[in-house]
file protein39.txt (compact mmCIF, N, CA and C atoms)
# COMPACT_ATOMS: atom_id res chain seq x y z
N MET A 1 67.27 93.87 110.39
CA MET A 1 68.05 94.61 109.42
C MET A 1 69.21 93.73 108.97
N ASN A 2 69.48 93.76 107.67
CA ASN A 2 70.57 92.94 107.15
C ASN A 2 71.93 93.60 107.39
N TYR A 3 72.98 92.86 107.10
CA TYR A 3 74.35 93.31 107.35
C TYR A 3 74.68 94.59 106.56
N GLU A 4 74.24 94.66 105.29
CA GLU A 4 74.53 95.83 104.47
C GLU A 4 73.89 97.08 105.08
N GLY A 5 72.66 96.95 105.58
CA GLY A 5 72.00 98.08 106.22
C GLY A 5 72.72 98.52 107.47
N LEU A 6 73.24 97.57 108.22
CA LEU A 6 74.00 97.88 109.42
C LEU A 6 75.27 98.64 109.04
N MET A 7 75.95 98.21 107.98
CA MET A 7 77.17 98.86 107.54
C MET A 7 76.90 100.29 107.09
N GLU A 8 75.74 100.53 106.47
CA GLU A 8 75.39 101.88 106.03
C GLU A 8 75.12 102.80 107.22
N ARG A 9 74.56 102.25 108.29
CA ARG A 9 74.18 103.06 109.44
C ARG A 9 75.34 103.37 110.36
N HIS A 10 76.33 102.51 110.44
CA HIS A 10 77.42 102.66 111.40
C HIS A 10 78.76 102.77 110.72
N ASP A 11 79.54 103.73 111.14
CA ASP A 11 80.93 103.81 110.68
C ASP A 11 81.72 102.81 111.51
N THR A 12 82.17 101.73 110.88
CA THR A 12 82.87 100.69 111.62
C THR A 12 84.38 100.79 111.47
N SER A 13 84.88 101.87 110.92
CA SER A 13 86.33 101.97 110.70
C SER A 13 87.12 101.93 112.01
N HIS A 14 86.49 102.32 113.10
CA HIS A 14 87.21 102.31 114.37
C HIS A 14 86.63 101.29 115.34
N THR A 15 85.69 100.50 114.87
CA THR A 15 85.09 99.54 115.78
C THR A 15 85.24 98.10 115.32
N SER A 16 85.71 97.90 114.10
CA SER A 16 85.87 96.52 113.65
C SER A 16 87.08 95.89 114.29
N LEU A 17 87.03 94.59 114.41
CA LEU A 17 88.15 93.87 115.00
C LEU A 17 89.36 93.96 114.09
N PRO A 18 90.55 94.08 114.67
CA PRO A 18 91.76 94.04 113.85
C PRO A 18 91.83 92.68 113.14
N ASP A 19 92.21 92.68 111.86
CA ASP A 19 92.29 91.43 111.12
C ASP A 19 93.65 90.77 111.29
N ALA A 20 93.81 89.62 110.67
CA ALA A 20 95.06 88.86 110.79
C ALA A 20 96.24 89.67 110.25
N ASP A 21 96.00 90.44 109.19
CA ASP A 21 97.07 91.26 108.63
C ASP A 21 97.53 92.31 109.66
N SER A 22 96.58 92.89 110.39
CA SER A 22 96.93 93.86 111.43
C SER A 22 97.74 93.21 112.53
N ALA A 23 97.39 91.99 112.90
CA ALA A 23 98.14 91.28 113.93
C ALA A 23 99.57 91.01 113.46
N HIS A 24 99.71 90.65 112.19
CA HIS A 24 101.04 90.41 111.62
C HIS A 24 101.85 91.71 111.59
N ARG A 25 101.22 92.79 111.16
CA ARG A 25 101.90 94.10 111.13
C ARG A 25 102.32 94.53 112.53
N LEU A 26 101.43 94.32 113.49
CA LEU A 26 101.73 94.70 114.87
C LEU A 26 102.95 93.93 115.38
N ALA A 27 103.03 92.66 115.05
CA ALA A 27 104.19 91.85 115.46
C ALA A 27 105.47 92.37 114.81
N GLN A 28 105.38 92.75 113.54
CA GLN A 28 106.55 93.31 112.84
C GLN A 28 106.97 94.63 113.48
N LEU A 29 106.00 95.47 113.79
CA LEU A 29 106.30 96.76 114.39
C LEU A 29 106.87 96.60 115.79
N GLU A 30 106.42 95.58 116.49
CA GLU A 30 106.95 95.29 117.82
C GLU A 30 108.43 94.92 117.73
N ARG A 31 108.77 94.10 116.74
CA ARG A 31 110.19 93.75 116.53
C ARG A 31 111.00 94.98 116.15
N LEU A 32 110.46 95.81 115.27
CA LEU A 32 111.16 97.01 114.83
C LEU A 32 111.41 97.96 116.01
N ALA A 33 110.39 98.18 116.84
CA ALA A 33 110.54 99.06 118.00
C ALA A 33 111.60 98.52 118.95
N GLY A 34 111.63 97.22 119.14
CA GLY A 34 112.64 96.60 120.00
C GLY A 34 114.04 96.79 119.45
N ILE A 35 114.21 96.61 118.15
CA ILE A 35 115.52 96.80 117.51
C ILE A 35 115.97 98.25 117.64
N LEU A 36 115.05 99.17 117.44
CA LEU A 36 115.41 100.59 117.47
C LEU A 36 115.64 101.13 118.88
N ASP A 37 114.91 100.61 119.87
CA ASP A 37 114.95 101.23 121.20
C ASP A 37 115.56 100.37 122.31
N SER A 38 115.60 99.07 122.16
CA SER A 38 116.07 98.27 123.30
C SER A 38 116.80 96.99 122.90
N ARG A 39 117.46 96.99 121.77
CA ARG A 39 118.10 95.78 121.24
C ARG A 39 119.28 95.31 122.09
N PHE A 40 120.07 96.24 122.62
CA PHE A 40 121.30 95.88 123.33
C PHE A 40 121.23 96.28 124.80
N ARG A 41 121.86 95.47 125.63
CA ARG A 41 121.96 95.77 127.06
C ARG A 41 123.35 96.32 127.33
N VAL A 42 123.42 97.49 127.95
CA VAL A 42 124.69 98.10 128.30
C VAL A 42 125.26 97.34 129.50
N PRO A 43 126.49 96.78 129.35
CA PRO A 43 127.08 96.02 130.46
C PRO A 43 127.19 96.85 131.74
N ILE A 44 127.19 96.20 132.83
CA ILE A 44 127.33 96.74 134.18
C ILE A 44 126.05 97.43 134.65
N ILE A 45 125.56 98.43 133.91
CA ILE A 45 124.37 99.16 134.38
C ILE A 45 123.07 98.49 133.95
N GLY A 46 123.13 97.63 132.93
CA GLY A 46 121.95 96.90 132.51
C GLY A 46 120.93 97.70 131.73
N PHE A 47 121.22 98.94 131.40
CA PHE A 47 120.31 99.80 130.65
C PHE A 47 120.24 99.32 129.20
N ARG A 48 119.06 99.34 128.63
CA ARG A 48 118.89 98.87 127.25
C ARG A 48 118.86 100.05 126.28
N ILE A 49 119.58 99.88 125.17
CA ILE A 49 119.57 100.87 124.09
C ILE A 49 119.36 100.13 122.78
N GLY A 50 119.03 100.88 121.75
CA GLY A 50 118.82 100.28 120.43
C GLY A 50 119.56 101.06 119.37
N TRP A 51 119.30 100.68 118.14
CA TRP A 51 119.98 101.32 117.02
C TRP A 51 119.65 102.80 116.92
N ASP A 52 118.49 103.21 117.38
CA ASP A 52 118.13 104.62 117.39
C ASP A 52 119.16 105.42 118.20
N SER A 53 119.51 104.94 119.36
CA SER A 53 120.49 105.62 120.22
C SER A 53 121.89 105.54 119.63
N ILE A 54 122.25 104.41 119.07
CA ILE A 54 123.59 104.23 118.51
C ILE A 54 123.78 105.12 117.29
N LEU A 55 122.81 105.10 116.38
CA LEU A 55 122.92 105.93 115.18
C LEU A 55 122.85 107.42 115.54
N GLY A 56 122.15 107.74 116.62
CA GLY A 56 122.06 109.13 117.07
C GLY A 56 123.39 109.73 117.46
N LEU A 57 124.39 108.89 117.71
CA LEU A 57 125.72 109.38 118.04
C LEU A 57 126.44 110.00 116.84
N ILE A 58 125.98 109.67 115.64
CA ILE A 58 126.57 110.24 114.43
C ILE A 58 125.94 111.61 114.20
N PRO A 59 126.72 112.69 114.34
CA PRO A 59 126.16 114.04 114.22
C PRO A 59 125.44 114.27 112.89
N GLY A 60 124.22 114.80 112.99
CA GLY A 60 123.44 115.17 111.82
C GLY A 60 122.78 114.01 111.10
N VAL A 61 123.52 113.01 110.78
CA VAL A 61 123.01 111.89 109.99
C VAL A 61 122.19 110.92 110.82
N GLY A 62 122.65 110.59 112.01
CA GLY A 62 122.02 109.56 112.82
C GLY A 62 120.57 109.82 113.16
N ASP A 63 120.27 111.02 113.62
CA ASP A 63 118.89 111.33 114.02
C ASP A 63 117.95 111.38 112.82
N VAL A 64 118.45 111.86 111.69
CA VAL A 64 117.63 111.89 110.49
C VAL A 64 117.38 110.47 109.99
N ALA A 65 118.41 109.62 110.06
CA ALA A 65 118.28 108.24 109.59
C ALA A 65 117.24 107.46 110.40
N THR A 66 117.10 107.76 111.65
CA THR A 66 116.14 107.02 112.48
C THR A 66 114.70 107.51 112.30
N VAL A 67 114.51 108.63 111.61
CA VAL A 67 113.16 109.11 111.32
C VAL A 67 112.50 108.22 110.27
N VAL A 68 113.29 107.64 109.38
CA VAL A 68 112.73 106.79 108.32
C VAL A 68 111.97 105.60 108.91
N PRO A 69 112.59 104.79 109.80
CA PRO A 69 111.80 103.70 110.37
C PRO A 69 110.64 104.20 111.24
N ALA A 70 110.80 105.36 111.87
CA ALA A 70 109.69 105.91 112.67
C ALA A 70 108.53 106.29 111.75
N GLY A 71 108.83 106.85 110.59
CA GLY A 71 107.79 107.16 109.61
C GLY A 71 107.11 105.91 109.09
N TYR A 72 107.89 104.87 108.88
CA TYR A 72 107.37 103.58 108.45
C TYR A 72 106.40 103.05 109.50
N PHE A 73 106.74 103.19 110.75
CA PHE A 73 105.92 102.77 111.88
C PHE A 73 104.57 103.51 111.84
N ILE A 74 104.63 104.82 111.69
CA ILE A 74 103.41 105.64 111.68
C ILE A 74 102.56 105.32 110.45
N TRP A 75 103.20 105.10 109.31
CA TRP A 75 102.47 104.77 108.09
C TRP A 75 101.69 103.46 108.28
N HIS A 76 102.34 102.45 108.86
CA HIS A 76 101.64 101.19 109.11
C HIS A 76 100.52 101.38 110.12
N ALA A 77 100.73 102.19 111.12
CA ALA A 77 99.66 102.47 112.09
C ALA A 77 98.46 103.09 111.38
N HIS A 78 98.72 103.99 110.44
CA HIS A 78 97.64 104.60 109.65
C HIS A 78 96.90 103.53 108.84
N ARG A 79 97.64 102.65 108.20
CA ARG A 79 97.04 101.58 107.39
C ARG A 79 96.22 100.62 108.24
N MET A 80 96.53 100.54 109.53
CA MET A 80 95.79 99.66 110.43
C MET A 80 94.54 100.34 110.97
N GLY A 81 94.28 101.57 110.54
CA GLY A 81 93.06 102.27 110.95
C GLY A 81 93.17 103.05 112.24
N THR A 82 94.38 103.39 112.62
CA THR A 82 94.59 104.17 113.85
C THR A 82 93.97 105.55 113.70
N ARG A 83 93.34 106.01 114.76
CA ARG A 83 92.69 107.32 114.74
C ARG A 83 93.71 108.45 114.57
N LYS A 84 93.26 109.56 114.01
CA LYS A 84 94.16 110.68 113.68
C LYS A 84 94.87 111.24 114.90
N TRP A 85 94.18 111.33 116.04
CA TRP A 85 94.84 111.93 117.20
C TRP A 85 95.95 111.02 117.72
N VAL A 86 95.79 109.70 117.57
CA VAL A 86 96.84 108.76 117.99
C VAL A 86 98.02 108.89 117.03
N LEU A 87 97.74 108.99 115.73
CA LEU A 87 98.81 109.20 114.75
C LEU A 87 99.55 110.50 115.04
N ALA A 88 98.79 111.53 115.41
CA ALA A 88 99.43 112.82 115.73
C ALA A 88 100.33 112.68 116.95
N ARG A 89 99.87 111.97 117.95
CA ARG A 89 100.70 111.75 119.16
C ARG A 89 101.97 110.97 118.81
N MET A 90 101.83 109.99 117.94
CA MET A 90 103.00 109.24 117.49
C MET A 90 103.98 110.17 116.76
N GLY A 91 103.44 111.08 115.95
CA GLY A 91 104.29 112.05 115.26
C GLY A 91 104.99 112.98 116.23
N VAL A 92 104.29 113.38 117.27
CA VAL A 92 104.89 114.24 118.30
C VAL A 92 106.03 113.49 119.00
N ASN A 93 105.81 112.23 119.35
CA ASN A 93 106.86 111.44 119.98
C ASN A 93 108.10 111.37 119.09
N THR A 94 107.87 111.13 117.81
CA THR A 94 108.98 111.04 116.86
C THR A 94 109.67 112.39 116.71
N GLY A 95 108.89 113.46 116.64
CA GLY A 95 109.47 114.80 116.52
C GLY A 95 110.30 115.18 117.73
N ILE A 96 109.79 114.90 118.91
CA ILE A 96 110.55 115.19 120.14
C ILE A 96 111.86 114.42 120.12
N ASP A 97 111.79 113.15 119.76
CA ASP A 97 112.99 112.32 119.69
C ASP A 97 114.00 112.90 118.72
N MET A 98 113.54 113.35 117.56
CA MET A 98 114.45 113.88 116.54
C MET A 98 115.04 115.23 116.95
N VAL A 99 114.20 116.13 117.42
CA VAL A 99 114.66 117.49 117.75
C VAL A 99 115.60 117.48 118.95
N ILE A 100 115.16 116.90 120.05
CA ILE A 100 116.01 116.90 121.25
C ILE A 100 117.20 115.96 121.06
N GLY A 101 117.00 114.86 120.33
CA GLY A 101 118.08 113.93 120.07
C GLY A 101 119.20 114.53 119.23
N SER A 102 118.89 115.58 118.49
CA SER A 102 119.92 116.20 117.64
C SER A 102 120.86 117.13 118.42
N ILE A 103 120.56 117.41 119.67
CA ILE A 103 121.43 118.25 120.50
C ILE A 103 122.62 117.39 120.94
N PRO A 104 123.84 117.85 120.67
CA PRO A 104 125.01 117.04 121.03
C PRO A 104 125.05 116.69 122.52
N LEU A 105 125.44 115.50 122.82
CA LEU A 105 125.61 114.91 124.14
C LEU A 105 124.30 114.81 124.93
N VAL A 106 123.69 115.94 125.25
CA VAL A 106 122.42 115.92 126.00
C VAL A 106 121.37 115.15 125.20
N GLY A 107 121.33 115.39 123.90
CA GLY A 107 120.37 114.72 123.04
C GLY A 107 120.61 113.22 122.97
N ASP A 108 121.88 112.84 123.00
CA ASP A 108 122.20 111.40 122.96
C ASP A 108 121.72 110.71 124.23
N LEU A 109 121.89 111.35 125.37
CA LEU A 109 121.39 110.78 126.63
C LEU A 109 119.86 110.74 126.65
N PHE A 110 119.26 111.82 126.18
CA PHE A 110 117.80 111.86 126.09
C PHE A 110 117.29 110.76 125.18
N ASP A 111 117.93 110.62 124.02
CA ASP A 111 117.53 109.64 123.02
C ASP A 111 117.55 108.22 123.59
N ALA A 112 118.54 107.93 124.39
CA ALA A 112 118.66 106.59 124.98
C ALA A 112 117.55 106.30 125.98
N SER A 113 117.02 107.34 126.62
CA SER A 113 116.00 107.12 127.65
C SER A 113 114.57 107.36 127.16
N TYR A 114 114.37 108.17 126.14
CA TYR A 114 113.01 108.53 125.70
C TYR A 114 112.30 107.37 125.00
N LYS A 115 112.98 106.66 124.13
CA LYS A 115 112.47 105.47 123.46
C LYS A 115 111.12 105.72 122.76
N SER A 116 111.14 106.63 121.81
CA SER A 116 109.90 107.02 121.13
C SER A 116 109.23 105.87 120.38
N ASN A 117 110.00 104.96 119.85
CA ASN A 117 109.39 103.85 119.11
C ASN A 117 108.61 102.92 120.03
N LEU A 118 109.12 102.68 121.22
CA LEU A 118 108.38 101.86 122.19
C LEU A 118 107.14 102.61 122.69
N LYS A 119 107.24 103.94 122.81
CA LYS A 119 106.07 104.74 123.19
C LYS A 119 105.00 104.63 122.10
N ASN A 120 105.44 104.72 120.84
CA ASN A 120 104.49 104.62 119.73
C ASN A 120 103.88 103.23 119.65
N LEU A 121 104.66 102.21 119.95
CA LEU A 121 104.14 100.85 119.98
C LEU A 121 103.06 100.72 121.06
N ALA A 122 103.30 101.30 122.21
CA ALA A 122 102.30 101.25 123.29
C ALA A 122 101.01 101.95 122.87
N LEU A 123 101.14 103.10 122.18
CA LEU A 123 99.95 103.80 121.68
C LEU A 123 99.19 102.93 120.69
N LEU A 124 99.92 102.28 119.78
CA LEU A 124 99.28 101.45 118.77
C LEU A 124 98.61 100.23 119.40
N LYS A 125 99.25 99.61 120.36
CA LYS A 125 98.64 98.46 121.05
C LYS A 125 97.37 98.88 121.78
N ALA A 126 97.40 100.02 122.43
CA ALA A 126 96.21 100.53 123.13
C ALA A 126 95.10 100.80 122.12
N GLU A 127 95.45 101.32 120.96
CA GLU A 127 94.46 101.58 119.91
C GLU A 127 93.83 100.29 119.43
N MET A 128 94.64 99.28 119.21
CA MET A 128 94.11 97.99 118.75
C MET A 128 93.23 97.35 119.83
N GLN A 129 93.63 97.48 121.08
CA GLN A 129 92.82 96.95 122.18
C GLN A 129 91.48 97.67 122.25
N GLN A 130 91.50 98.97 122.04
CA GLN A 130 90.26 99.73 122.07
C GLN A 130 89.33 99.30 120.93
N LYS A 131 89.92 98.98 119.76
CA LYS A 131 89.10 98.49 118.65
C LYS A 131 88.39 97.18 119.03
N VAL A 132 89.11 96.31 119.72
CA VAL A 132 88.53 95.04 120.13
C VAL A 132 87.38 95.29 121.11
N VAL A 133 87.58 96.18 122.07
CA VAL A 133 86.54 96.48 123.05
C VAL A 133 85.32 97.09 122.37
N LYS A 134 85.53 98.06 121.47
CA LYS A 134 84.40 98.69 120.78
C LYS A 134 83.65 97.69 119.91
N ALA A 135 84.38 96.83 119.21
CA ALA A 135 83.72 95.83 118.37
C ALA A 135 82.90 94.87 119.22
N SER A 136 83.42 94.51 120.37
CA SER A 136 82.69 93.61 121.27
C SER A 136 81.41 94.28 121.77
N LYS A 137 81.50 95.55 122.13
CA LYS A 137 80.32 96.28 122.60
C LYS A 137 79.27 96.40 121.50
N MET A 138 79.73 96.66 120.26
CA MET A 138 78.78 96.75 119.15
C MET A 138 78.11 95.42 118.89
N GLU A 139 78.88 94.34 119.00
CA GLU A 139 78.33 93.01 118.77
C GLU A 139 77.27 92.69 119.81
N VAL A 140 77.52 93.06 121.06
CA VAL A 140 76.55 92.81 122.13
C VAL A 140 75.30 93.67 121.92
N SER A 141 75.49 94.92 121.53
CA SER A 141 74.34 95.80 121.36
C SER A 141 73.51 95.44 120.13
N ASN A 142 74.13 94.82 119.13
CA ASN A 142 73.40 94.41 117.93
C ASN A 142 72.80 93.02 118.04
N ALA A 143 73.11 92.30 119.10
CA ALA A 143 72.61 90.92 119.24
C ALA A 143 71.16 90.89 119.66
call {"tool": "encode", "arguments": {"input": "protein39.txt", "output": "structure tokens"}}
result
Amino acid sequence: MNYEGLMERHDTSHTSLPDADSAHRLAQLERLAGILDSRFRVPIIGFRIGWDSILGLIPGVGDVATVVPAGYFIWHAHRMGTRKWVLARMGVNTGIDMVIGSIPLVGDLFDASYKSNLKNLALLKAEMQQKVVKASKMEVSNA
């Protein structure tokens, strides 16, 4: 069977290898997650925080402002072919961060420890790894 026939028979949207553009996007998203969640080290205790936690200290505005880069993160994950349930989980992480983070004081402490962007990055990396594994299995089974 030729390649076109194979493509017609199998949905490869979740089994093809991530391309170079996806690798570049993943690297960008990794930098963004680091900036938002762990850019700075708090002296003495060594705990890492990012701009998400710092901006969250501004009542009302801070938590809403950090949703924009989180949405950008999810949008790129969608463009990279991430499955819907993973995108939904990423949305839940972002929603939890925004809702609980908006509670004065308690939310700020929660926001510093929850690190939703790093959680979403981990989900995206696992998704990309799974694509590689599935593509490898398909290649072996088609050989």
call {"tool": "residues_around", "arguments": {"input": "protein39.txt", "residues": "range 59-71 of chain A", "least_positions_apart": "3", "cutoff": "7 Å", "atoms": "all atoms listed in the file", "output": "PyMOL selection string"}}
result
chain A and resi 52+54-56+74-76+94+97-98+101-102+117
call {"tool": "write_last_selection", "arguments": {"input": "protein39.txt", "atoms": "N, CA and C atoms", "output": "PDB file, in the coordinates of the input"}}
result
ATOM      1  N   ASP A  52     118.490 103.210 117.380  1.00  0.00           N
ATOM      2  CA  ASP A  52     118.130 104.620 117.390  1.00  0.00           C
ATOM      3  C   ASP A  52     119.160 105.420 118.200  1.00  0.00           C
ATOM      4  N   ILE A  54     122.250 104.410 119.070  1.00  0.00           N
ATOM      5  CA  ILE A  54     123.590 104.230 118.510  1.00  0.00           C
ATOM      6  C   ILE A  54     123.780 105.120 117.290  1.00  0.00           C
ATOM      7  N   LEU A  55     122.810 105.100 116.380  1.00  0.00           N
ATOM      8  CA  LEU A  55     122.920 105.930 115.180  1.00  0.00           C
ATOM      9  C   LEU A  55     122.850 107.420 115.540  1.00  0.00           C
ATOM     10  N   GLY A  56     122.150 107.740 116.620  1.00  0.00           N
ATOM     11  CA  GLY A  56     122.060 109.130 117.070  1.00  0.00           C
ATOM     12  C   GLY A  56     123.390 109.730 117.460  1.00  0.00           C
ATOM     13  N   ILE A  74     104.630 104.820 111.690  1.00  0.00           N
ATOM     14  CA  ILE A  74     103.410 105.640 111.680  1.00  0.00           C
ATOM     15  C   ILE A  74     102.560 105.320 110.450  1.00  0.00           C
ATOM     16  N   TRP A  75     103.200 105.100 109.310  1.00  0.00           N
ATOM     17  CA  TRP A  75     102.470 104.770 108.090  1.00  0.00           C
ATOM     18  C   TRP A  75     101.690 103.460 108.280  1.00  0.00           C
ATOM     19  N   HIS A  76     102.340 102.450 108.860  1.00  0.00           N
ATOM     20  CA  HIS A  76     101.640 101.190 109.110  1.00  0.00           C
ATOM     21  C   HIS A  76     100.520 101.380 110.120  1.00  0.00           C
ATOM     22  N   THR A  94     107.870 111.130 117.810  1.00  0.00           N
ATOM     23  CA  THR A  94     108.980 111.040 116.860  1.00  0.00           C
ATOM     24  C   THR A  94     109.670 112.390 116.710  1.00  0.00           C
ATOM     25  N   ASP A  97     111.790 113.150 119.760  1.00  0.00           N
ATOM     26  CA  ASP A  97     112.990 112.320 119.690  1.00  0.00           C
ATOM     27  C   ASP A  97     114.000 112.900 118.720  1.00  0.00           C
ATOM     28  N   MET A  98     113.540 113.350 117.560  1.00  0.00           N
ATOM     29  CA  MET A  98     114.450 113.880 116.540  1.00  0.00           C
ATOM     30  C   MET A  98     115.040 115.230 116.950  1.00  0.00           C
ATOM     31  N   GLY A 101     117.000 114.860 120.330  1.00  0.00           N
ATOM     32  CA  GLY A 101     118.080 113.930 120.070  1.00  0.00           C
ATOM     33  C   GLY A 101     119.200 114.530 119.230  1.00  0.00           C
ATOM     34  N   SER A 102     118.890 115.580 118.490  1.00  0.00           N
ATOM     35  CA  SER A 102     119.920 116.200 117.640  1.00  0.00           C
ATOM     36  C   SER A 102     120.860 117.130 118.420  1.00  0.00           C
ATOM     37  N   ASN A 117     110.000 104.960 119.850  1.00  0.00           N
ATOM     38  CA  ASN A 117     109.390 103.850 119.110  1.00  0.00           C
ATOM     39  C   ASN A 117     108.610 102.920 120.030  1.00  0.00           C
TER      40      ASN A 117
END
call {"tool": "closest_residue", "arguments": {"input": "protein39.txt", "among": "A:Ala126, A:Ala135, A:Ala88, A:Leu57", "to": "Gly107 in chain A", "atoms": "only C-alpha atoms"}}
result
A:Leu57
call {"tool": "axis_aligned_box", "arguments": {"input": "protein39.txt", "around": "range 23-42 of chain A", "padding_each_side": "5 Å", "output": "AutoDock Vina command-line options"}}
result
--center_x 111.3 --center_y 95.8 --center_z 120.3 --size_x 37.9 --size_y 20.8 --size_z 28.4
call {"tool": "atom_distance", "arguments": {"input": "protein39.txt", "atom1": "CA of Gly91 in chain A", "atom2": "atom N of Leu121 in chain A"}}
result
10.9 Å
call {"tool": "closest_residue", "arguments": {"input": "protein39.txt", "among": "A:Ser116, A:Lys125, A:Gly50, A:Met90", "to": "Ile35 in chain A", "atoms": "only C-alpha atoms"}}
result
A:Gly50
call {"tool": "decode", "arguments": {"input": "protein39.txt", "residues": "range 20-34 of chain A", "atoms": "N, CA, C and O atoms", "output": "PDB file, in the first residue's frame"}}
result
ATOM      1  N   ALA A  20       9.913  20.160  13.602  1.00  0.00           N
ATOM      2  CA  ALA A  20      10.892  21.122  14.122  1.00  0.00           C
ATOM      3  C   ALA A  20      10.193  22.360  14.684  1.00  0.00           C
ATOM      4  O   ALA A  20      10.640  22.932  15.684  1.00  0.00           O
ATOM      5  N   ASP A  21       9.095  22.771  14.054  1.00  0.00           N
ATOM      6  CA  ASP A  21       8.353  23.930  14.547  1.00  0.00           C
ATOM      7  C   ASP A  21       7.796  23.644  15.944  1.00  0.00           C
ATOM      8  O   ASP A  21       7.822  24.513  16.819  1.00  0.00           O
ATOM      9  N   SER A  22       7.308  22.431  16.162  1.00  0.00           N
ATOM     10  CA  SER A  22       6.799  22.059  17.490  1.00  0.00           C
ATOM     11  C   SER A  22       7.909  22.077  18.522  1.00  0.00           C
ATOM     12  O   SER A  22       7.700  22.515  19.654  1.00  0.00           O
ATOM     13  N   ALA A  23       9.089  21.626  18.146  1.00  0.00           N
ATOM     14  CA  ALA A  23      10.224  21.647  19.074  1.00  0.00           C
ATOM     15  C   ALA A  23      10.597  23.082  19.424  1.00  0.00           C
ATOM     16  O   ALA A  23      10.873  23.396  20.591  1.00  0.00           O
ATOM     17  N   HIS A  24      10.552  23.965  18.442  1.00  0.00           N
ATOM     18  CA  HIS A  24      10.846  25.378  18.680  1.00  0.00           C
ATOM     19  C   HIS A  24       9.785  25.997  19.594  1.00  0.00           C
ATOM     20  O   HIS A  24      10.107  26.717  20.537  1.00  0.00           O
ATOM     21  N   ARG A  25       8.518  25.706  19.310  1.00  0.00           N
ATOM     22  CA  ARG A  25       7.428  26.217  20.159  1.00  0.00           C
ATOM     23  C   ARG A  25       7.550  25.703  21.586  1.00  0.00           C
ATOM     24  O   ARG A  25       7.347  26.447  22.536  1.00  0.00           O
ATOM     25  N   LEU A  26       7.878  24.426  21.718  1.00  0.00           N
ATOM     26  CA  LEU A  26       8.019  23.843  23.048  1.00  0.00           C
ATOM     27  C   LEU A  26       9.134  24.547  23.827  1.00  0.00           C
ATOM     28  O   LEU A  26       8.979  24.841  25.013  1.00  0.00           O
ATOM     29  N   ALA A  27      10.222  24.855  23.167  1.00  0.00           N
ATOM     30  CA  ALA A  27      11.325  25.575  23.821  1.00  0.00           C
ATOM     31  C   ALA A  27      10.874  26.971  24.248  1.00  0.00           C
ATOM     32  O   ALA A  27      11.199  27.429  25.352  1.00  0.00           O
ATOM     33  N   GLN A  28      10.105  27.644  23.402  1.00  0.00           N
ATOM     34  CA  GLN A  28       9.577  28.969  23.751  1.00  0.00           C
ATOM     35  C   GLN A  28       8.638  28.878  24.944  1.00  0.00           C
ATOM     36  O   GLN A  28       8.695  29.709  25.852  1.00  0.00           O
ATOM     37  N   LEU A  29       7.770  27.885  24.937  1.00  0.00           N
ATOM     38  CA  LEU A  29       6.819  27.720  26.028  1.00  0.00           C
ATOM     39  C   LEU A  29       7.522  27.350  27.327  1.00  0.00           C
ATOM     40  O   LEU A  29       7.105  27.743  28.408  1.00  0.00           O
ATOM     41  N   GLU A  30       8.611  26.609  27.210  1.00  0.00           N
ATOM     42  CA  GLU A  30       9.397  26.262  28.394  1.00  0.00           C
ATOM     43  C   GLU A  30       9.993  27.526  29.021  1.00  0.00           C
ATOM     44  O   GLU A  30       9.970  27.700  30.240  1.00  0.00           O
ATOM     45  N   ARG A  31      10.505  28.413  28.179  1.00  0.00           N
ATOM     46  CA  ARG A  31      11.035  29.690  28.690  1.00  0.00           C
ATOM     47  C   ARG A  31       9.927  30.524  29.322  1.00  0.00           C
ATOM     48  O   ARG A  31      10.103  31.100  30.400  1.00  0.00           O
ATOM     49  N   LEU A  32       8.771  30.581  28.672  1.00  0.00           N
ATOM     50  CA  LEU A  32       7.646  31.352  29.188  1.00  0.00           C
ATOM     51  C   LEU A  32       7.187  30.814  30.545  1.00  0.00           C
ATOM     52  O   LEU A  32       6.971  31.585  31.487  1.00  0.00           O
ATOM     53  N   ALA A  33       7.056  29.503  30.663  1.00  0.00           N
ATOM     54  CA  ALA A  33       6.637  28.897  31.933  1.00  0.00           C
ATOM     55  C   ALA A  33       7.640  29.210  33.030  1.00  0.00           C
ATOM     56  O   ALA A  33       7.260  29.500  34.174  1.00  0.00           O
ATOM     57  N   GLY A  34       8.914  29.166  32.711  1.00  0.00           N
ATOM     58  CA  GLY A  34       9.948  29.496  33.689  1.00  0.00           C
ATOM     59  C   GLY A  34       9.861  30.943  34.143  1.00  0.00           C
ATOM     60  O   GLY A  34       9.974  31.240  35.338  1.00  0.00           O
TER      61      GLY A  34
END
